[in-house]
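**Q** Compact mmCIF, C-alpha atoms, saved as protein_34.txt, coming up:
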# COMPACT_ATOMS: atom_id res chain seq x y z
CA THR A 1 91.16 80.94 121.35
CA SER A 2 92.40 81.73 117.84
CA GLN A 3 94.19 85.01 117.27
CA PRO A 4 92.02 87.72 115.66
CA LEU A 5 92.91 88.84 112.16
CA VAL A 6 93.72 92.55 111.99
CA VAL A 7 93.23 94.09 108.56
CA TYR A 8 93.84 97.81 108.22
CA ARG A 9 92.46 100.14 105.57
CA GLU A 10 93.76 103.39 104.07
CA THR A 11 91.30 106.24 103.69
CA ALA A 12 91.21 109.92 102.75
CA SER A 13 90.31 112.44 105.43
CA THR A 14 89.89 115.47 103.17
CA GLU A 15 89.58 116.40 99.50
CA GLY A 16 92.75 115.82 97.52
CA VAL A 17 94.16 117.91 94.69
CA VAL A 18 93.38 117.19 91.06
CA ALA A 19 96.21 114.88 90.00
CA MET A 20 97.26 114.26 86.42
CA ALA A 21 99.14 111.13 85.42
CA LYS A 22 100.38 109.99 82.03
CA SER A 23 100.41 106.51 80.57
CA PRO A 24 103.83 104.79 80.32
CA ASN A 25 104.03 105.73 76.62
CA LYS A 26 103.02 109.35 77.49
CA HIS A 27 100.22 109.30 74.91
CA SER A 28 97.24 109.25 77.32
CA ARG A 29 96.45 111.24 80.46
CA PHE A 30 93.94 111.21 83.30
CA TRP A 31 92.94 113.99 85.70
CA VAL A 32 91.58 112.54 88.95
CA GLN A 33 90.46 113.87 92.32
CA VAL A 34 89.98 111.75 95.45
CA GLU A 35 87.78 112.72 98.37
CA PRO A 36 86.17 110.91 101.32
CA LEU A 37 82.99 109.04 100.42
CA GLU A 38 79.99 110.23 102.40
CA GLN A 39 79.29 108.02 105.41
CA ASN A 40 75.68 107.46 104.38
CA VAL A 41 76.91 106.02 101.06
CA VAL A 42 79.37 103.75 102.85
CA ASP A 43 76.51 102.62 105.10
CA LEU A 44 74.35 101.82 102.07
CA MET A 45 77.15 99.68 100.66
CA GLU A 46 77.78 97.99 104.01
CA LYS A 47 74.16 96.89 104.41
CA GLY A 48 73.88 95.67 100.82
CA ALA A 49 71.56 98.42 99.60
CA LEU A 50 74.09 99.68 97.05
CA PHE A 51 76.19 97.33 94.92
CA GLU A 52 77.47 97.18 91.37
CA ALA A 53 75.33 94.27 90.15
CA MET A 54 72.08 96.15 90.86
CA GLY A 55 72.48 98.04 87.57
CA ASN A 56 72.98 101.65 86.55
CA LYS A 57 69.40 102.83 86.99
CA ARG A 58 68.99 101.48 90.51
CA ILE A 59 72.42 102.78 91.49
CA THR A 60 71.47 106.22 90.16
CA ASP A 61 68.12 106.24 91.97
CA THR A 62 69.63 105.03 95.24
CA LEU A 63 72.43 107.61 95.26
CA ARG A 64 70.08 110.43 94.31
CA ASP A 65 67.13 109.53 96.54
CA GLU A 66 68.83 108.00 99.57
CA ALA A 67 72.25 109.64 99.59
CA GLY A 68 71.42 113.08 98.23
CA TRP A 69 73.82 112.95 95.28
CA SER A 70 73.33 115.29 92.35
CA ALA A 71 71.79 113.77 89.23
CA GLN A 72 75.04 114.29 87.33
CA GLU A 73 77.19 112.34 89.78
CA ALA A 74 74.60 109.65 90.48
CA LYS A 75 74.07 108.72 86.83
CA ASN A 76 77.78 108.64 86.00
CA VAL A 77 78.99 106.04 88.49
CA TRP A 78 81.34 103.74 86.64
CA ALA A 79 82.38 101.31 89.35
CA LEU A 80 81.64 100.32 92.96
CA GLU A 81 84.68 98.65 94.45
CA GLU A 82 84.55 95.96 97.14
CA HIS A 83 86.33 98.07 99.77
CA ARG A 84 83.60 100.73 99.61
CA ASN A 85 85.08 103.00 96.96
CA ILE A 86 83.21 104.56 94.03
CA LEU A 87 84.49 105.78 90.66
CA VAL A 88 82.50 108.64 89.11
CA ASP A 89 83.02 109.87 85.54
CA LEU A 90 82.57 113.65 85.39
CA THR A 91 84.23 114.19 82.02
CA LYS A 92 82.50 115.71 79.02
CA GLY A 93 82.93 114.66 75.41
CA ILE A 94 86.25 112.82 75.71
CA GLN A 95 87.02 110.84 72.57
CA TYR A 96 87.50 107.07 72.98
CA LEU A 97 86.78 107.21 76.73
CA ARG A 98 83.52 105.25 76.70
CA GLU A 99 85.08 102.32 74.89
CA SER A 100 87.89 102.36 77.48
CA LYS A 101 85.49 102.33 80.45
CA GLU A 102 86.32 98.81 81.63
CA THR A 103 90.07 99.41 81.38
CA VAL A 104 89.82 102.69 83.30
CA SER A 105 87.64 101.03 85.95
CA SER A 106 90.21 98.23 86.25
CA GLY A 107 92.90 100.83 86.89
CA PHE A 108 90.72 102.32 89.63
CA ARG A 109 90.25 98.88 91.24
CA TRP A 110 93.99 98.23 91.01
CA ALA A 111 94.70 101.49 92.83
CA ALA A 112 92.14 100.69 95.54
CA LYS A 113 93.31 97.13 96.14
CA ASN A 114 96.67 98.18 97.59
CA GLY A 115 97.08 101.76 98.78
CA PRO A 116 100.33 103.75 98.87
CA LEU A 117 100.60 104.16 102.66
CA CYS A 118 101.40 100.55 103.48
CA ASP A 119 99.93 98.34 100.75
CA GLU A 120 96.56 97.97 102.52
CA PRO A 121 93.29 98.44 100.59
CA ILE A 122 91.89 101.94 100.19
CA ARG A 123 88.44 102.30 101.76
CA GLY A 124 85.61 104.81 101.69
CA CYS A 125 86.78 107.08 98.88
CA LYS A 126 85.03 108.80 96.00
CA VAL A 127 87.31 108.90 92.96
CA LYS A 128 86.26 111.50 90.41
CA LEU A 129 87.54 111.29 86.85
CA LEU A 130 87.48 114.94 85.78
CA ASP A 131 89.27 114.91 82.45
CA ALA A 132 91.15 112.60 80.13
CA LYS A 133 93.11 112.60 76.90
CA LEU A 134 93.40 109.31 75.04
CA HIS A 135 95.47 108.38 72.03
CA GLU A 136 93.47 107.84 68.86
CA ASP A 137 95.18 104.52 68.06
CA PRO A 138 93.72 101.62 70.13
CA VAL A 139 97.17 100.01 70.16
CA HIS A 140 98.44 102.90 72.26
CA ARG A 141 95.58 102.97 74.75
CA GLY A 142 95.36 99.34 75.85
CA PRO A 143 95.28 98.09 79.47
CA ALA A 144 99.08 98.20 79.78
CA GLN A 145 98.90 101.96 79.17
CA LEU A 146 95.64 103.12 80.74
CA MET A 147 95.59 101.04 83.92
CA PRO A 148 98.95 102.26 85.28
CA ALA A 149 98.04 105.85 84.41
CA MET A 150 94.73 105.61 86.27
CA LYS A 151 96.37 103.97 89.26
CA ARG A 152 99.04 106.66 89.47
CA ALA A 153 96.47 109.47 89.19
CA VAL A 154 94.36 107.94 91.99
CA TRP A 155 97.39 107.44 94.25
CA GLY A 156 98.69 110.94 93.52
CA SER A 157 95.46 112.63 94.55
CA PHE A 158 94.93 110.22 97.46
CA LEU A 159 98.32 111.13 98.96
CA THR A 160 97.29 114.82 99.03
CA ALA A 161 93.96 114.01 100.74
CA LYS A 162 95.55 113.67 104.21
CA PRO A 163 95.34 109.86 104.10
CA VAL A 164 94.98 108.01 107.37
CA LEU A 165 94.88 104.41 108.48
CA SER A 166 91.61 102.90 109.71
CA GLU A 167 91.31 99.85 111.92
CA PRO A 168 88.47 97.39 112.61
CA ILE A 169 86.63 97.86 115.90
CA TYR A 170 84.91 95.12 117.87
CA LYS A 171 81.83 95.61 119.98
CA ILE A 172 82.51 93.78 123.24
CA GLY A 173 79.97 92.58 125.77
CA VAL A 174 81.09 91.35 129.18
CA SER A 175 78.94 89.80 131.92
CA VAL A 176 80.73 89.83 135.26
CA PRO A 177 79.99 89.87 139.02
CA GLN A 178 79.80 93.39 140.46
CA GLN A 179 83.11 93.13 142.33
CA PHE A 180 85.04 92.75 139.08
CA VAL A 181 83.45 95.65 137.16
CA GLY A 182 86.34 98.00 137.84
CA ASP A 183 88.88 95.42 136.69
CA VAL A 184 87.01 94.83 133.41
CA THR A 185 86.49 98.51 132.60
CA GLY A 186 90.13 99.21 133.45
CA LEU A 187 91.31 96.41 131.17
CA ILE A 188 89.20 97.64 128.23
CA THR A 189 90.34 101.25 128.74
CA ARG A 190 94.02 100.25 128.86
CA LYS A 191 93.56 98.55 125.49
CA ARG A 192 92.37 101.77 123.82
CA GLY A 193 88.77 100.71 124.24
CA ARG A 194 85.83 102.68 125.58
CA ILE A 195 82.82 101.76 127.69
CA VAL A 196 79.41 102.80 126.39
CA SER A 197 77.09 101.20 128.96
CA SER A 198 77.06 99.28 132.21
CA GLU A 199 73.85 97.69 133.47
CA GLN A 200 73.42 95.70 136.66
CA LYS A 201 70.99 92.78 136.75
CA GLY A 202 71.02 91.16 140.14
CA PRO A 203 74.56 90.09 141.07
CA ILE A 204 75.76 90.38 137.43
CA THR A 205 76.76 93.54 135.56
CA ASN A 206 76.60 93.65 131.77
CA ILE A 207 79.26 95.91 130.29
CA THR A 208 79.20 97.03 126.65
CA GLY A 209 82.08 98.76 124.92
CA TYR A 210 84.23 99.06 121.83
CA LEU A 211 87.73 97.70 121.39
CA PRO A 212 90.24 97.81 118.51
CA VAL A 213 90.73 94.35 117.05
CA SER A 214 94.51 94.79 117.27
CA GLU A 215 94.21 95.12 121.06
CA THR A 216 92.43 91.80 121.53
CA PHE A 217 95.58 89.69 121.24
CA GLY A 218 95.94 87.97 124.62
CA LEU A 219 92.61 89.34 125.84
CA SER A 220 91.32 85.94 126.95
CA ALA A 221 94.17 85.37 129.39
CA GLU A 222 94.03 88.94 130.69
CA MET A 223 90.25 88.80 131.17
CA ARG A 224 90.52 85.52 133.08
CA GLY A 225 93.30 86.93 135.22
CA ALA A 226 91.46 90.17 135.98
CA THR A 227 88.22 88.42 136.97
CA SER A 228 89.51 85.13 138.34
CA GLY A 229 87.67 83.42 135.50
CA HIS A 230 84.27 84.88 136.43
CA ALA A 231 83.72 86.91 133.25
CA PHE A 232 81.70 85.77 130.25
CA TRP A 233 82.36 87.87 127.16
CA GLN A 234 81.99 87.99 123.41
CA THR A 235 83.09 90.24 120.58
CA GLN A 236 81.82 90.96 117.08
CA PHE A 237 82.96 93.32 114.35
CA ASP A 238 81.10 96.63 114.53
CA HIS A 239 82.76 99.40 112.49
CA TRP A 240 85.98 101.08 111.33
CA GLU A 241 87.76 103.96 113.09
CA LYS A 242 90.82 106.04 112.31
CA VAL A 243 93.95 104.82 114.07
CA PRO A 244 94.97 107.49 116.63
CA GLU A 245 97.60 109.89 115.32
CA SER A 246 99.84 109.05 118.27
CA ILE A 247 100.42 105.51 117.01
CA SER A 248 99.47 105.75 113.32
CA MET A 249 102.99 106.24 111.94
CA GLU A 250 104.30 103.42 114.12
CA VAL A 251 101.64 101.06 112.77
CA ILE A 252 102.30 102.11 109.17
CA ALA A 253 106.06 101.69 109.64
CA GLY A 254 105.53 98.22 111.11
CA ILE A 255 103.37 97.11 108.18
CA ARG A 256 105.81 98.53 105.61
CA LYS A 257 108.72 96.74 107.28
CA ARG A 258 106.82 93.45 107.46
CA ARG A 259 105.99 93.65 103.77
CA GLY A 260 109.48 94.58 102.67
CA LEU A 261 108.46 98.06 101.48
CA PRO A 262 110.80 101.08 101.57
CA GLU A 263 110.77 102.74 104.98
CA GLU A 264 109.49 106.09 103.72
CA ILE A 265 105.90 106.59 102.52
CA PRO A 266 106.04 107.79 98.89
CA LYS A 267 105.31 111.45 98.16
CA ALA A 268 102.39 112.47 95.97
CA ASN A 269 104.70 113.99 93.35
CA LYS A 270 106.05 110.52 92.63
CA PHE A 271 102.73 109.76 90.91
CA ILE A 272 101.64 113.20 89.65
CA ASP A 273 103.04 114.23 86.29
CA GLU A 274 103.73 117.73 85.00
CA VAL A 275 101.58 118.95 82.13
In structure tokens, write the structure found in this file.
**A**
Amino acid sequence: TSQPLVVYRETASTEGVVAMAKSPNKHSRFWVQVEPLEQNVVDLMEKGALFEAMGNKRITDTLRDEAGWSAQEAKNVWALEEHRNILVDLTKGIQYLRESKETVSSGFRWAAKNGPLCDEPIRGCKVKLLDAKLHEDPVHRGPAQLMPAMKRAVWGSFLTAKPVLSEPIYKIGVSVPQQFVGDVTGLITRKRGRIVSSEQKGPITNITGYLPVSETFGLSAEMRGATSGHAFWQTQFDHWEKVPESISMEVIAGIRKRRGLPEEIPKANKFIDEV
């Protein structure tokens, strides 16, 4: 069988600090705060009930009525990013900001596309734009100035939000003769999986569990060996889970090395500027 593709995601586990970052020319500034996106909002995005193309009014109604957002936050969503991140504008009366909306949103998408932990996409975060100061001359607030500033502000706050790595989890179903049940459950458990049900139907037992995608390399050969070829099994993507702390840094270090990144994860103060 073909090898599964493992794609990690970076996510915030708590509310980050308000981070301020300046544009390269120092003429514009953004104040941003990153926090975990509520799971019910992520679920709405996952099932296609919340997406950018549905328009501002429907987005507002959905977030307010189905996710319990305040009217202020729900009506000021600027962008819904493909990796389940949302940008919310909570500023008041900032000159030139509305006409820079698309550029600011592009900076947010840029930040989310490749996170600072190990260059994997950021997932499941609410990015709140709390304040901004933009130069009056359009020449000095173009994409080359505003996008890097927004990216740095997002990364700065994200790195203070106790960021963690998430991994894709398969749901696995195995049908096997009763005498091999212990071998199958032992194999799944050794691979950081967990069993959620086991149901016997005649001579066959149907086992259901969850298994990290990264642990399914070589699973076919091991399953055949453990059951003498008597197991029938299938997997499908089910959800994301945080990588256990015990191996998280090892996984991050491996990804950074593979991608030619510096060994050390950058500190938040690399992206947060002093007022």
**Q** Restricting the calculation to all atoms listed in the file: of A:Arg123, A:Arg109, A:His135, A:Arg190, which residue gets closest to A:Leu219?
**A**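 Comparing A:Arg123, A:Arg109, A:His135, A:Arg190 against A:Leu219, the winner is A:Arg190.
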**Q** Step by step, gather every atom of stretch 123-140 of chain A that the file lists, find the box along x, y and z that holds them, add 5 Å on each side, and finally give centre and edge lengths in Å to one decimal, as AutoDock Vina command-line options.
**A**
--center_x 91.7 --center_y 107.5 --center_z 84.9 --size_x 23.4 --size_y 24.9 --size_z 43.7
**Q** Taking into account all atoms listed in the file, which residue in the set A:Thr227, A:Thr216, A:Gln33, A:Thr62 is nearest to A:Asp89?
**A**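 Closest to A:Asp89, using all atoms listed in the file: A:Gln33.
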**Q** Of the candidates A:Ile195, A:Ala268, A:Ile169, A:Met249, which one gets nearest to A:Glu215 if we count only C-alpha atoms?
**A**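 Comparing A:Ile195, A:Ala268, A:Ile169, A:Met249 against A:Glu215, the winner is A:Ile169.
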**Q** With distances taken over only C-alpha atoms, which of A:Ala79, A:Val6, A:Thr60, A:Asn114 is nearest to A:Phe217?
**A**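 The closest residue to A:Phe217 is A:Val6.
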**Q** Taking all atoms listed in the file into account, name the residue in A:His230, A:Arg192, A:Arg224, A:Lys113 that is nearest to A:Pro244.
**A**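 Selected residue with least distance to A:Pro244: A:Arg192.
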**Q** Please measure the separation of atom CA of A:Trp69 and atom CA of A:Glu241, giving the value in Å to one decimal.
**A**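 Distance reported for this atom pair: 24.3 Å.
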**Q** Any idea what's packed within 10 Å of stretch 256-264 of chain A, counting all atoms listed in the file, ignoring anything in its chain fewer than 5 positions away? Could you give it as a list in words?
**A**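 Final neighbour list, sorted by chain and number: Leu117, Cys118, Asp119, Glu120, Glu250 and Val251 of chain A.
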**Q** Between atom CA of A:Val77 and atom CA of A:Leu63, what distance in Å does the model show, to one decimal?
**A** 9.6 Å
**Q** Between A:Tyr96, A:Phe30, A:Tyr8, A:Phe180, single out the one closest to A:Pro138, counting all atoms listed in the file.
**A**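 Ranked by minimum distance to A:Pro138, first place goes to A:Tyr96.
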**Q** May I have the protein, DNA and RNA residues with an atom at most 12 Å from (78.3, 101.9, 117.5), counting all atoms listed in the file in the file's coordinates, returned as an MDAnalysis selection string?
**A** chainID A and resid 169:172 194:197 208:211 236:241
**Q** Go ahead and compute the interatomic distance for atom CA of A:Gly182 and atom CA of A:Gly202, in Å to one decimal.
**A**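 Interatomic distance here is 16.9 Å.
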**Q** Can you pull out every residue within 10 Å of A:Arg58, counting only C-alpha atoms, but drop anything in the same chain fewer than 5 positions away, and send it as a ChimeraX atom specification?
**A** /A:49-53,63-64,74-75
**Q** Quick one: everything within 7 Å of A:Ile207, counting only C-alpha atoms, minus sequence neighbours fewer than 5 positions away in the same chain. Send it as an mmCIF file with C-alpha atoms, in the frame of the given file.
**A**
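Produced file selection.cif, reproduced below:
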data_model
loop_
_atom_site.group_PDB
_atom_site.id
_atom_site.type_symbol
_atom_site.label_atom_id
_atom_site.label_comp_id
_atom_site.auth_asym_id
_atom_site.auth_seq_id
_atom_site.Cartn_x
_atom_site.Cartn_y
_atom_site.Cartn_z
ATOM 1 C CA GLY A 173 79.970 92.580 125.770
ATOM 2 C CA VAL A 174 81.090 91.350 129.180
ATOM 3 C CA SER A 175 78.940 89.800 131.920
ATOM 4 C CA SER A 197 77.090 101.200 128.960
ATOM 5 C CA SER A 198 77.060 99.280 132.210
ATOM 6 C CA GLU A 199 73.850 97.690 133.470
#
**Q** Name all residues at most 12 Å from A:Gly142 (count all atoms listed in the file; drop same-chain ones fewer than 5 positions away) and give them as a ChimeraX atom specification.
**A** /A:23-25,27-28,96-97,99-104,106-107,134-137,147-149
**Q** Because some atoms of stretch 180-191 of chain A are absent here, can you restore all heavy atoms and send them as a CSV table (one decimal), in the frame of the given file?
**A**
chain,number,residue,atom,x,y,z
A,180,PHE,N,84.0,92.7,140.1
A,180,PHE,CA,85.0,92.8,139.1
A,180,PHE,C,84.8,93.8,138.0
A,180,PHE,O,85.6,93.9,137.0
A,180,PHE,CB,85.1,91.4,138.4
A,180,PHE,CG,85.6,90.3,139.3
A,180,PHE,CD1,84.7,89.3,139.7
A,180,PHE,CD2,86.8,90.2,139.8
A,180,PHE,CE1,85.0,88.2,140.5
A,180,PHE,CE2,87.2,89.2,140.7
A,180,PHE,CZ,86.3,88.2,141.0
A,181,VAL,N,83.8,94.6,138.2
A,181,VAL,CA,83.4,95.6,137.2
A,181,VAL,C,84.6,96.6,136.9
A,181,VAL,O,85.0,96.9,135.8
A,181,VAL,CB,82.2,96.4,137.6
A,181,VAL,CG1,82.0,97.7,136.7
A,181,VAL,CG2,81.0,95.5,137.5
A,182,GLY,N,85.2,97.1,138.0
A,182,GLY,CA,86.3,98.0,137.8
A,182,GLY,C,87.5,97.4,137.1
A,182,GLY,O,88.2,98.0,136.3
A,183,ASP,N,87.8,96.1,137.4
A,183,ASP,CA,88.9,95.4,136.7
A,183,ASP,C,88.6,95.3,135.2
A,183,ASP,O,89.5,95.5,134.4
A,183,ASP,CB,89.1,94.0,137.3
A,183,ASP,CG,89.4,94.1,138.8
A,183,ASP,OD1,90.5,94.6,139.1
A,183,ASP,OD2,88.6,93.7,139.6
A,184,VAL,N,87.4,95.0,134.8
A,184,VAL,CA,87.0,94.8,133.4
A,184,VAL,C,87.1,96.2,132.7
A,184,VAL,O,87.7,96.3,131.6
A,184,VAL,CB,85.6,94.2,133.3
A,184,VAL,CG1,85.2,94.2,131.8
A,184,VAL,CG2,85.6,92.8,133.8
A,185,THR,N,86.5,97.2,133.3
A,185,THR,CA,86.5,98.5,132.6
A,185,THR,C,87.9,99.0,132.5
A,185,THR,O,88.3,99.7,131.5
A,185,THR,CB,85.6,99.5,133.3
A,185,THR,OG1,86.1,99.6,134.7
A,185,THR,CG2,84.2,99.1,133.3
A,186,GLY,N,88.7,98.8,133.5
A,186,GLY,CA,90.1,99.2,133.4
A,186,GLY,C,90.9,98.5,132.4
A,186,GLY,O,91.7,99.1,131.6
A,187,LEU,N,90.6,97.2,132.2
A,187,LEU,CA,91.3,96.4,131.2
A,187,LEU,C,90.9,96.9,129.8
A,187,LEU,O,91.8,97.1,128.9
A,187,LEU,CB,90.9,94.9,131.3
A,187,LEU,CG,91.4,94.0,130.2
A,187,LEU,CD1,93.0,94.0,130.2
A,187,LEU,CD2,90.9,92.6,130.5
A,188,ILE,N,89.6,97.2,129.5
A,188,ILE,CA,89.2,97.6,128.2
A,188,ILE,C,89.8,99.0,127.9
A,188,ILE,O,90.2,99.3,126.8
A,188,ILE,CB,87.7,97.7,128.2
A,188,ILE,CG1,87.1,96.2,128.2
A,188,ILE,CG2,87.2,98.4,126.9
A,188,ILE,CD1,85.6,96.2,128.3
A,189,THR,N,89.8,99.9,128.9
A,189,THR,CA,90.3,101.2,128.7
A,189,THR,C,91.8,101.2,128.4
A,189,THR,O,92.3,102.0,127.6
A,189,THR,CB,90.1,102.1,130.0
A,189,THR,OG1,88.7,102.1,130.3
A,189,THR,CG2,90.6,103.5,129.8
A,190,ARG,N,92.6,100.4,129.1
A,190,ARG,CA,94.0,100.2,128.9
A,190,ARG,C,94.3,99.8,127.4
A,190,ARG,O,95.4,100.1,126.9
A,190,ARG,CB,94.7,99.3,129.9
A,190,ARG,CG,94.8,99.8,131.2
A,190,ARG,CD,95.8,99.0,132.0
A,190,ARG,NE,95.5,97.6,132.1
A,190,ARG,CZ,94.6,97.0,133.0
A,190,ARG,NH1,94.0,97.8,133.9
A,190,ARG,NH2,94.4,95.7,133.0
A,191,LYS,N,93.4,99.1,126.9
A,191,LYS,CA,93.6,98.6,125.5
A,191,LYS,C,93.0,99.5,124.4
A,191,LYS,O,92.5,99.0,123.4
A,191,LYS,CB,93.0,97.1,125.4
A,191,LYS,CG,93.8,96.1,126.1
A,191,LYS,CD,93.2,94.7,126.0
A,191,LYS,CE,94.2,93.6,126.4
A,191,LYS,NZ,95.3,93.5,125.5
